[in-house]
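Chemist: For reference, the file upload-v1.pdb (PDB, C-alpha atoms and all ligand atoms) is included below:
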```pdb
ATOM      1  CA  MET A   1       0.000   0.000   0.000  1.00  0.00           C
ATOM      2  CA  LYS A   2       2.847   2.366   0.908  1.00  0.00           C
ATOM      3  CA  THR A   3       4.565   1.660  -2.384  1.00  0.00           C
ATOM      4  CA  LEU A   4       1.360   2.228  -4.284  1.00  0.00           C
ATOM      5  CA  THR A   5       0.822   5.551  -2.481  1.00  0.00           C
ATOM      6  CA  ALA A   6       4.413   6.586  -3.232  1.00  0.00           C
ATOM      7  CA  VAL A   7       4.055   5.674  -6.898  1.00  0.00           C
ATOM      8  CA  LEU A   8       0.732   7.466  -7.090  1.00  0.00           C
ATOM      9  CA  SER A   9       2.056  10.642  -5.466  1.00  0.00           C
ATOM     10  CA  LEU A  10       5.089  10.584  -7.791  1.00  0.00           C
ATOM     11  CA  PHE A  11       2.770  10.159 -10.772  1.00  0.00           C
ATOM     12  CA  ILE A  12       0.517  12.972  -9.553  1.00  0.00           C
ATOM     13  CA  SER A  13       3.374  15.422  -8.886  1.00  0.00           C
ATOM     14  CA  PHE A  14       4.976  14.559 -12.246  1.00  0.00           C
ATOM     15  CA  GLY A  15       1.601  15.051 -13.890  1.00  0.00           C
ATOM     16  CA  PHE A  16       1.063  18.427 -12.285  1.00  0.00           C
ATOM     17  CA  ALA A  17       4.571  19.551 -13.233  1.00  0.00           C
ATOM     18  CA  GLN A  18       3.907  18.554 -16.828  1.00  0.00           C
ATOM     19  CA  GLY A  19       0.486  20.131 -16.852  1.00  0.00           C
ATOM     20  CA  ARG A  20       1.478  23.511 -15.486  1.00  0.00           C
ATOM     21  CA  GLY A  21       0.847  26.544 -17.638  1.00  0.00           C
ATOM     22  CA  ASN A  22      -0.265  30.132 -17.657  1.00  0.00           C
ATOM     23  CA  LYS A  23      -3.726  31.382 -16.914  1.00  0.00           C
ATOM     24  CA  ILE A  24      -5.392  34.760 -17.210  1.00  0.00           C
ATOM     25  CA  CYS A  25      -8.853  35.387 -15.782  1.00  0.00           C
ATOM     26  CA  PHE A  26     -10.807  38.616 -16.195  1.00  0.00           C
ATOM     27  CA  GLU A  27     -14.352  39.891 -15.791  1.00  0.00           C
ATOM     28  CA  ALA A  28     -16.553  39.995 -18.899  1.00  0.00           C
ATOM     29  CA  GLU A  29     -17.799  43.429 -17.809  1.00  0.00           C
ATOM     30  CA  SER A  30     -14.238  44.803 -17.957  1.00  0.00           C
ATOM     31  CA  ALA A  31     -14.557  45.167 -21.758  1.00  0.00           C
ATOM     32  CA  GLN A  32     -12.625  48.131 -23.163  1.00  0.00           C
ATOM     33  CA  ARG A  33     -15.243  48.486 -25.865  1.00  0.00           C
ATOM     34  CA  LEU A  34     -18.952  47.575 -25.887  1.00  0.00           C
ATOM     35  CA  GLU A  35     -21.289  47.911 -28.840  1.00  0.00           C
ATOM     36  CA  ASP A  36     -25.062  47.670 -28.570  1.00  0.00           C
ATOM     37  CA  PRO A  37     -26.937  45.306 -28.171  1.00  0.00           C
ATOM     38  CA  VAL A  38     -24.131  43.861 -26.008  1.00  0.00           C
ATOM     39  CA  CYS A  39     -24.492  45.659 -22.673  1.00  0.00           C
ATOM     40  CA  ILE A  40     -23.483  45.433 -19.015  1.00  0.00           C
ATOM     41  CA  LEU A  41     -26.105  44.134 -16.568  1.00  0.00           C
ATOM     42  CA  SER A  42     -25.588  45.225 -12.987  1.00  0.00           C
ATOM     43  CA  ASN A  43     -28.860  44.661 -11.181  1.00  0.00           C
ATOM     44  CA  ASN A  44     -29.561  41.696  -8.927  1.00  0.00           C
ATOM     45  CA  ILE A  45     -27.942  38.906 -10.893  1.00  0.00           C
ATOM     46  CA  GLN A  46     -27.470  35.948  -8.573  1.00  0.00           C
ATOM     47  CA  ASN A  47     -24.303  33.857  -8.265  1.00  0.00           C
ATOM     48  CA  THR A  48     -21.955  35.986 -10.367  1.00  0.00           C
ATOM     49  CA  SER A  49     -18.641  37.735  -9.879  1.00  0.00           C
ATOM     50  CA  GLY A  50     -19.732  41.379  -9.979  1.00  0.00           C
ATOM     51  CA  ASN A  51     -21.573  42.430 -13.123  1.00  0.00           C
ATOM     52  CA  VAL A  52     -22.017  40.544 -16.405  1.00  0.00           C
ATOM     53  CA  ILE A  53     -22.368  41.334 -20.073  1.00  0.00           C
ATOM     54  CA  SER A  54     -25.607  40.411 -21.789  1.00  0.00           C
ATOM     55  CA  ILE A  55     -27.597  40.451 -24.978  1.00  0.00           C
ATOM     56  CA  LYS A  56     -31.169  40.596 -23.752  1.00  0.00           C
ATOM     57  CA  GLU A  57     -33.771  38.292 -25.250  1.00  0.00           C
ATOM     58  CA  GLY A  58     -35.243  40.025 -28.312  1.00  0.00           C
ATOM     59  CA  ALA A  59     -32.500  42.679 -28.442  1.00  0.00           C
ATOM     60  CA  GLY A  60     -30.044  40.877 -30.697  1.00  0.00           C
ATOM     61  CA  ASN A  61     -29.884  38.084 -33.184  1.00  0.00           C
ATOM     62  CA  PRO A  62     -32.326  36.495 -33.926  1.00  0.00           C
ATOM     63  CA  PRO A  63     -34.491  38.231 -34.986  1.00  0.00           C
ATOM     64  CA  LYS A  64     -32.715  41.249 -36.375  1.00  0.00           C
ATOM     65  CA  ARG A  65     -29.486  42.704 -35.034  1.00  0.00           C
ATOM     66  CA  CYS A  66     -26.248  41.030 -36.051  1.00  0.00           C
ATOM     67  CA  GLU A  67     -23.886  43.780 -34.899  1.00  0.00           C
ATOM     68  CA  GLY A  68     -22.741  44.196 -31.305  1.00  0.00           C
ATOM     69  CA  LEU A  69     -19.588  43.180 -29.460  1.00  0.00           C
ATOM     70  CA  ALA A  70     -17.474  43.306 -26.322  1.00  0.00           C
ATOM     71  CA  SER A  71     -13.728  43.601 -26.825  1.00  0.00           C
ATOM     72  CA  TYR A  72     -10.764  43.114 -24.521  1.00  0.00           C
ATOM     73  CA  THR A  73      -7.004  43.548 -24.694  1.00  0.00           C
ATOM     74  CA  PHE A  74      -4.588  41.818 -22.336  1.00  0.00           C
ATOM     75  CA  ASP A  75      -1.027  40.492 -22.185  1.00  0.00           C
ATOM     76  CA  LEU A  76       0.038  36.861 -22.082  1.00  0.00           C
ATOM     77  CA  PRO A  77       3.414  36.118 -20.456  1.00  0.00           C
ATOM     78  CA  THR A  78       4.238  33.138 -22.706  1.00  0.00           C
ATOM     79  CA  LYS A  79       3.233  31.704 -26.046  1.00  0.00           C
ATOM     80  CA  GLY A  80       1.310  28.445 -26.120  1.00  0.00           C
ATOM     81  CA  SER A  81      -1.750  26.461 -27.006  1.00  0.00           C
ATOM     82  CA  TYR A  82      -4.578  27.939 -24.952  1.00  0.00           C
ATOM     83  CA  THR A  83      -8.052  26.860 -23.899  1.00  0.00           C
ATOM     84  CA  LEU A  84     -10.686  29.594 -23.771  1.00  0.00           C
ATOM     85  CA  TRP A  85     -13.186  29.244 -20.907  1.00  0.00           C
ATOM     86  CA  CYS A  86     -16.230  31.492 -20.446  1.00  0.00           C
ATOM     87  CA  ARG A  87     -18.595  31.479 -17.461  1.00  0.00           C
ATOM     88  CA  VAL A  88     -21.952  31.771 -19.207  1.00  0.00           C
ATOM     89  CA  TRP A  89     -25.713  31.694 -18.712  1.00  0.00           C
ATOM     90  CA  TRP A  90     -27.838  30.565 -21.646  1.00  0.00           C
ATOM     91  CA  GLY A  91     -31.589  31.127 -22.032  1.00  0.00           C
ATOM     92  CA  GLY A  92     -32.154  28.079 -24.268  1.00  0.00           C
ATOM     93  CA  GLU A  93     -31.097  26.506 -27.550  1.00  0.00           C
ATOM     94  CA  CYS A  94     -31.656  29.762 -29.469  1.00  0.00           C
ATOM     95  CA  SER A  95     -29.709  31.595 -26.730  1.00  0.00           C
ATOM     96  CA  ASN A  96     -26.570  29.536 -26.191  1.00  0.00           C
ATOM     97  CA  SER A  97     -23.784  30.846 -28.385  1.00  0.00           C
ATOM     98  CA  PHE A  98     -21.647  33.763 -29.521  1.00  0.00           C
ATOM     99  CA  THR A  99     -18.599  33.992 -31.716  1.00  0.00           C
ATOM    100  CA  VAL A 100     -15.125  34.918 -30.482  1.00  0.00           C
ATOM    101  CA  LYS A 101     -12.403  36.596 -32.471  1.00  0.00           C
ATOM    102  CA  LEU A 102      -8.829  36.315 -31.187  1.00  0.00           C
ATOM    103  CA  ASN A 103      -6.415  38.746 -32.836  1.00  0.00           C
ATOM    104  CA  ASN A 104      -6.687  38.274 -36.603  1.00  0.00           C
ATOM    105  CA  ALA A 105      -7.824  34.645 -36.604  1.00  0.00           C
ATOM    106  CA  PRO A 106     -11.237  33.723 -38.073  1.00  0.00           C
ATOM    107  CA  SER A 107     -14.099  33.922 -35.550  1.00  0.00           C
ATOM    108  CA  ILE A 108     -14.739  30.820 -33.437  1.00  0.00           C
ATOM    109  CA  LEU A 109     -18.248  29.514 -32.747  1.00  0.00           C
ATOM    110  CA  PHE A 110     -18.463  29.302 -28.954  1.00  0.00           C
ATOM    111  CA  GLY A 111     -21.106  27.426 -26.913  1.00  0.00           C
ATOM    112  CA  GLU A 112     -24.136  25.573 -28.332  1.00  0.00           C
ATOM    113  CA  ASP A 113     -24.052  23.284 -25.273  1.00  0.00           C
ATOM    114  CA  ALA A 114     -27.311  22.279 -23.587  1.00  0.00           C
ATOM    115  CA  THR A 115     -26.968  23.656 -20.032  1.00  0.00           C
ATOM    116  CA  TYR A 116     -29.701  26.277 -19.713  1.00  0.00           C
ATOM    117  CA  LYS A 117     -30.635  28.864 -17.084  1.00  0.00           C
ATOM    118  CA  ALA A 118     -27.626  28.088 -14.873  1.00  0.00           C
ATOM    119  CA  TRP A 119     -24.159  29.614 -14.629  1.00  0.00           C
ATOM    120  CA  HIS A 120     -21.553  27.201 -15.951  1.00  0.00           C
ATOM    121  CA  TRP A 121     -18.152  27.156 -17.649  1.00  0.00           C
ATOM    122  CA  VAL A 122     -17.910  26.353 -21.359  1.00  0.00           C
ATOM    123  CA  LYS A 123     -14.627  25.801 -23.183  1.00  0.00           C
ATOM    124  CA  TYR A 124     -13.060  25.963 -26.621  1.00  0.00           C
ATOM    125  CA  PRO A 125     -11.582  23.821 -28.167  1.00  0.00           C
ATOM    126  CA  ILE A 126     -14.268  21.331 -27.185  1.00  0.00           C
ATOM    127  CA  SER A 127     -12.165  18.277 -28.063  1.00  0.00           C
ATOM    128  CA  ARG A 128      -8.605  17.342 -28.956  1.00  0.00           C
ATOM    129  CA  THR A 129      -9.523  17.241 -32.627  1.00  0.00           C
ATOM    130  CA  SER A 130     -10.840  20.839 -32.722  1.00  0.00           C
ATOM    131  CA  PRO A 131      -8.456  23.490 -34.088  1.00  0.00           C
ATOM    132  CA  LYS A 132      -6.261  24.841 -31.290  1.00  0.00           C
ATOM    133  CA  ILE A 133      -5.898  28.416 -30.077  1.00  0.00           C
ATOM    134  CA  ASN A 134      -2.198  29.085 -30.553  1.00  0.00           C
ATOM    135  CA  LEU A 135      -1.145  32.450 -29.140  1.00  0.00           C
ATOM    136  CA  LYS A 136       2.149  34.304 -29.046  1.00  0.00           C
ATOM    137  CA  ALA A 137       3.366  36.063 -25.911  1.00  0.00           C
ATOM    138  CA  GLY A 138       2.404  39.708 -25.523  1.00  0.00           C
ATOM    139  CA  ARG A 139      -0.628  41.804 -26.345  1.00  0.00           C
ATOM    140  CA  GLN A 140      -3.828  39.971 -27.374  1.00  0.00           C
ATOM    141  CA  ALA A 141      -7.178  41.218 -28.643  1.00  0.00           C
ATOM    142  CA  LEU A 142     -10.289  39.161 -27.863  1.00  0.00           C
ATOM    143  CA  THR A 143     -13.761  40.104 -29.096  1.00  0.00           C
ATOM    144  CA  ILE A 144     -17.091  38.488 -28.200  1.00  0.00           C
ATOM    145  CA  GLU A 145     -19.483  38.997 -31.108  1.00  0.00           C
ATOM    146  CA  ASN A 146     -23.288  38.902 -31.122  1.00  0.00           C
ATOM    147  CA  ARG A 147     -24.711  35.676 -32.558  1.00  0.00           C
ATOM    148  CA  GLU A 148     -27.728  34.775 -30.384  1.00  0.00           C
ATOM    149  CA  ASP A 149     -29.600  36.925 -27.870  1.00  0.00           C
ATOM    150  CA  GLY A 150     -30.721  35.793 -24.391  1.00  0.00           C
ATOM    151  CA  ILE A 151     -27.153  35.195 -23.205  1.00  0.00           C
ATOM    152  CA  MET A 152     -24.962  36.420 -20.320  1.00  0.00           C
ATOM    153  CA  VAL A 153     -21.208  36.155 -19.725  1.00  0.00           C
ATOM    154  CA  ASP A 154     -19.613  36.637 -16.284  1.00  0.00           C
ATOM    155  CA  GLN A 155     -15.894  35.741 -16.514  1.00  0.00           C
ATOM    156  CA  ILE A 156     -13.364  34.817 -19.199  1.00  0.00           C
ATOM    157  CA  ILE A 157     -10.238  32.641 -18.832  1.00  0.00           C
ATOM    158  CA  LEU A 158      -7.424  31.697 -21.181  1.00  0.00           C
ATOM    159  CA  SER A 159      -5.349  28.810 -19.837  1.00  0.00           C
ATOM    160  CA  SER A 160      -2.421  26.905 -21.305  1.00  0.00           C
ATOM    161  CA  ASP A 161      -2.737  24.284 -18.541  1.00  0.00           C
ATOM    162  CA  LYS A 162      -4.662  21.414 -20.132  1.00  0.00           C
ATOM    163  CA  ARG A 163      -5.508  20.010 -16.682  1.00  0.00           C
ATOM    164  CA  PHE A 164      -7.099  23.206 -15.430  1.00  0.00           C
ATOM    165  CA  VAL A 165     -10.899  23.141 -15.151  1.00  0.00           C
ATOM    166  CA  PRO A 166     -12.676  26.136 -13.570  1.00  0.00           C
ATOM    167  CA  VAL A 167     -15.398  25.153 -11.124  1.00  0.00           C
ATOM    168  CA  ASP A 168     -17.160  28.243  -9.845  1.00  0.00           C
ATOM    169  CA  ILE A 169     -16.297  31.953  -9.693  1.00  0.00           C
ATOM    170  CA  GLU A 170     -12.532  32.210 -10.266  1.00  0.00           C
ATOM    171  CA  SER A 171      -9.953  34.713  -8.970  1.00  0.00           C
ATOM    172  CA  THR A 172      -9.058  37.311 -11.586  1.00  0.00           C
ATOM    173  CA  GLY A 173      -5.472  38.038 -12.615  1.00  0.00           C
ATOM    174  CA  THR A 174      -2.558  36.448 -14.443  1.00  0.00           C
ATOM    175  CA  PHE A 175      -1.142  33.242 -12.964  1.00  0.00           C
ATOM    176  CA  LYS A 176       1.995  31.291 -13.877  1.00  0.00           C
TER     177      LYS A 176
HETATM  178 CA    CA B 201     -28.027  28.025 -30.512  1.00  0.00          CA
HETATM  179 CA    CA B 202     -18.384  39.385 -13.897  1.00  0.00          CA
END
```
Could you spell out this file's structure in structure tokens?
Ligand SMILES: [Ca+2]
Ligand SMILES: [Ca+2]

Modeler:
Amino acid sequence: MKTLTAVLSLFISFGFAQGRGNKICFEAESAQRLEDPVCILSNNIQNTSGNVISIKEGAGNPPKRCEGLASYTFDLPTKGSYTLWCRVWWGGECSNSFTVKLNNAPSILFGEDATYKAWHWVKYPISRTSPKINLKAGRQALTIENREDGIMVDQIILSSDKRFVPVDIESTGTFK
């Protein structure tokens, strides 16, 4: 049993050492630029970290307005293959996605999962076969673009640690 425990702890510590990476977490409402119908909601939203950004049901797309965004700039300490996590609230299957543009790459379809009316973390890439998010060190530009209304976003994370999985509200900042 002792040997097994020793082997396991060695395996776990080796695993963690291998899995370590960078992480940046920031609030969705800290956008440097917001374009209608993407807006900040600040009143009585339960179980969030401060305020959130939202496209209210009926205000966006469908039925009519395709424009609207929230954009962010931030610095990454090292280059790498990153996972994008967003803490989101979806109204339903017509309210469970947006697109994300990172620097000059083509926009990514984000969401379309089936967890409704509850805050939860969604990631991209979804699987190992999805195209990766490869980022250089330094200044990054991330834009959330209107695709479906009836959505809210609380926090955003980029992590190069493949083992990292956010659980609830996360601490904001840059972590090595
Ligand atoms: Ca949808
Ligand atoms: Ca927030």

Chemist: Give me the range 62-107 of chain A side of the contact with range 44-54 of chain A, cut-off 12 Å, one line per residue showing its nearest atom pair and distance in Å at one decimal, counting all atoms listed in the file, sorted by chain and residue number, as a tab-separated table.

Modeler:
```
residue	atom	partner	partner_atom	distance
A:Gly68	CA	A:Ser54	CA	10.6
A:Leu69	CA	A:Ile53	CA	10.0
A:Ala70	CA	A:Ile53	CA	8.2
A:Ser71	CA	A:Ile53	CA	11.2
A:Cys86	CA	A:Val52	CA	11.5
A:Arg87	CA	A:Thr48	CA	9.1
A:Val88	CA	A:Val52	CA	9.2
A:Trp89	CA	A:Ser54	CA	9.2
A:Trp90	CA	A:Ser54	CA	10.1
A:Gly91	CA	A:Ser54	CA	11.0
A:Ser95	CA	A:Ser54	CA	10.9
A:Asn96	CA	A:Ser54	CA	11.8
A:Ser97	CA	A:Ser54	CA	11.8
A:Phe98	CA	A:Ser54	CA	10.9
```

Chemist: A:Ile169, A:Cys94, A:Leu102, A:Ile133: which is nearest ligand CA 201 (chain B), counting all atoms listed in the file?

Modeler: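 Answer, going by the shortest atom-to-atom distance: A:Cys94.
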
Chemist: For this file, the PyMOL selection byres (((chain A and resi 135) around 10) and not hetatm) selects which residues, as a list in words?

Modeler: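 Here the PyMOL selection byres (((chain A and resi 135) around 10) and not hetatm) matches Leu76, Thr78, Lys79, Gly80, Ser81, Tyr82, Leu102, Asn103, Lys132, Ile133, Asn134, Lys136, Ala137, Gly138, Arg139, Gln140 and Ser160 of chain A.
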
Chemist: Please measure the separation of CA of Lys23 in chain A and CA of Gly173 in chain A, giving the value in Å to one decimal.

Modeler: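 CA of Lys23 in chain A sits 8.1 Å away from CA of Gly173 in chain A.
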
Chemist: Mind telling me what the PyMOL selection byres (((not hetatm)) within 12 of (chain B and resi 201)) catches here, as a compact mmCIF listing (two decimals) with C-alpha atoms, in the frame of the given file?

Modeler:
```txt
# COMPACT_ATOMS: atom_id res chain seq x y z
CA ASN A 61 -29.88 38.08 -33.18
CA PRO A 62 -32.33 36.49 -33.93
CA TRP A 90 -27.84 30.56 -21.65
CA GLY A 91 -31.59 31.13 -22.03
CA GLY A 92 -32.15 28.08 -24.27
CA GLU A 93 -31.10 26.51 -27.55
CA CYS A 94 -31.66 29.76 -29.47
CA SER A 95 -29.71 31.60 -26.73
CA ASN A 96 -26.57 29.54 -26.19
CA SER A 97 -23.78 30.85 -28.38
CA PHE A 98 -21.65 33.76 -29.52
CA THR A 99 -18.60 33.99 -31.72
CA LEU A 109 -18.25 29.51 -32.75
CA PHE A 110 -18.46 29.30 -28.95
CA GLY A 111 -21.11 27.43 -26.91
CA GLU A 112 -24.14 25.57 -28.33
CA ASP A 113 -24.05 23.28 -25.27
CA ALA A 114 -27.31 22.28 -23.59
CA THR A 115 -26.97 23.66 -20.03
CA TYR A 116 -29.70 26.28 -19.71
CA ASN A 146 -23.29 38.90 -31.12
CA ARG A 147 -24.71 35.68 -32.56
CA GLU A 148 -27.73 34.78 -30.38
CA ASP A 149 -29.60 36.92 -27.87
CA GLY A 150 -30.72 35.79 -24.39
CA ILE A 151 -27.15 35.20 -23.20
```

Chemist: May I ask for the distance between CA of Ala31 in chain A and CA of Val100 in chain A, given in Å to one decimal place?

Modeler: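 Between CA of Ala31 in chain A and CA of Val100 in chain A the gap is 13.5 Å.
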
Chemist: What is the distance, in Å and to one decimal place, between CA of Pro106 in chain A and CA of Ala141 in chain A?

Modeler: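 Computing it gives 12.7 Å between the two atoms.
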
Chemist: Rank A:Arg20, A:Pro37, A:Ser130, A:Leu84 by their smallest atom-to-atom distance to Gly58 in chain A, using all atoms listed in the file, and report the top residue only.

Modeler: A:Pro37

Chemist: Give me the residues within 6 Å of Ile157 in chain A as a compact mmCIF listing (two decimals) with C-alpha atoms, in the coordinates of the input, counting all atoms listed in the file and dropping any in the same chain fewer than 4 places off.

Modeler:
```
# COMPACT_ATOMS: atom_id res chain seq x y z
CA ILE A 24 -5.39 34.76 -17.21
CA CYS A 25 -8.85 35.39 -15.78
CA LEU A 84 -10.69 29.59 -23.77
CA TRP A 85 -13.19 29.24 -20.91
```

Chemist: In terms of the shortest atom-to-atom distance over only C-alpha atoms and all ligand atoms, which of A:Gln32, A:Thr83, A:Asn104, A:Ser42 is closest to ligand CA 202 (chain B)?

Modeler: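 The answer is A:Ser42, which sits nearest to ligand CA 202 (chain B).
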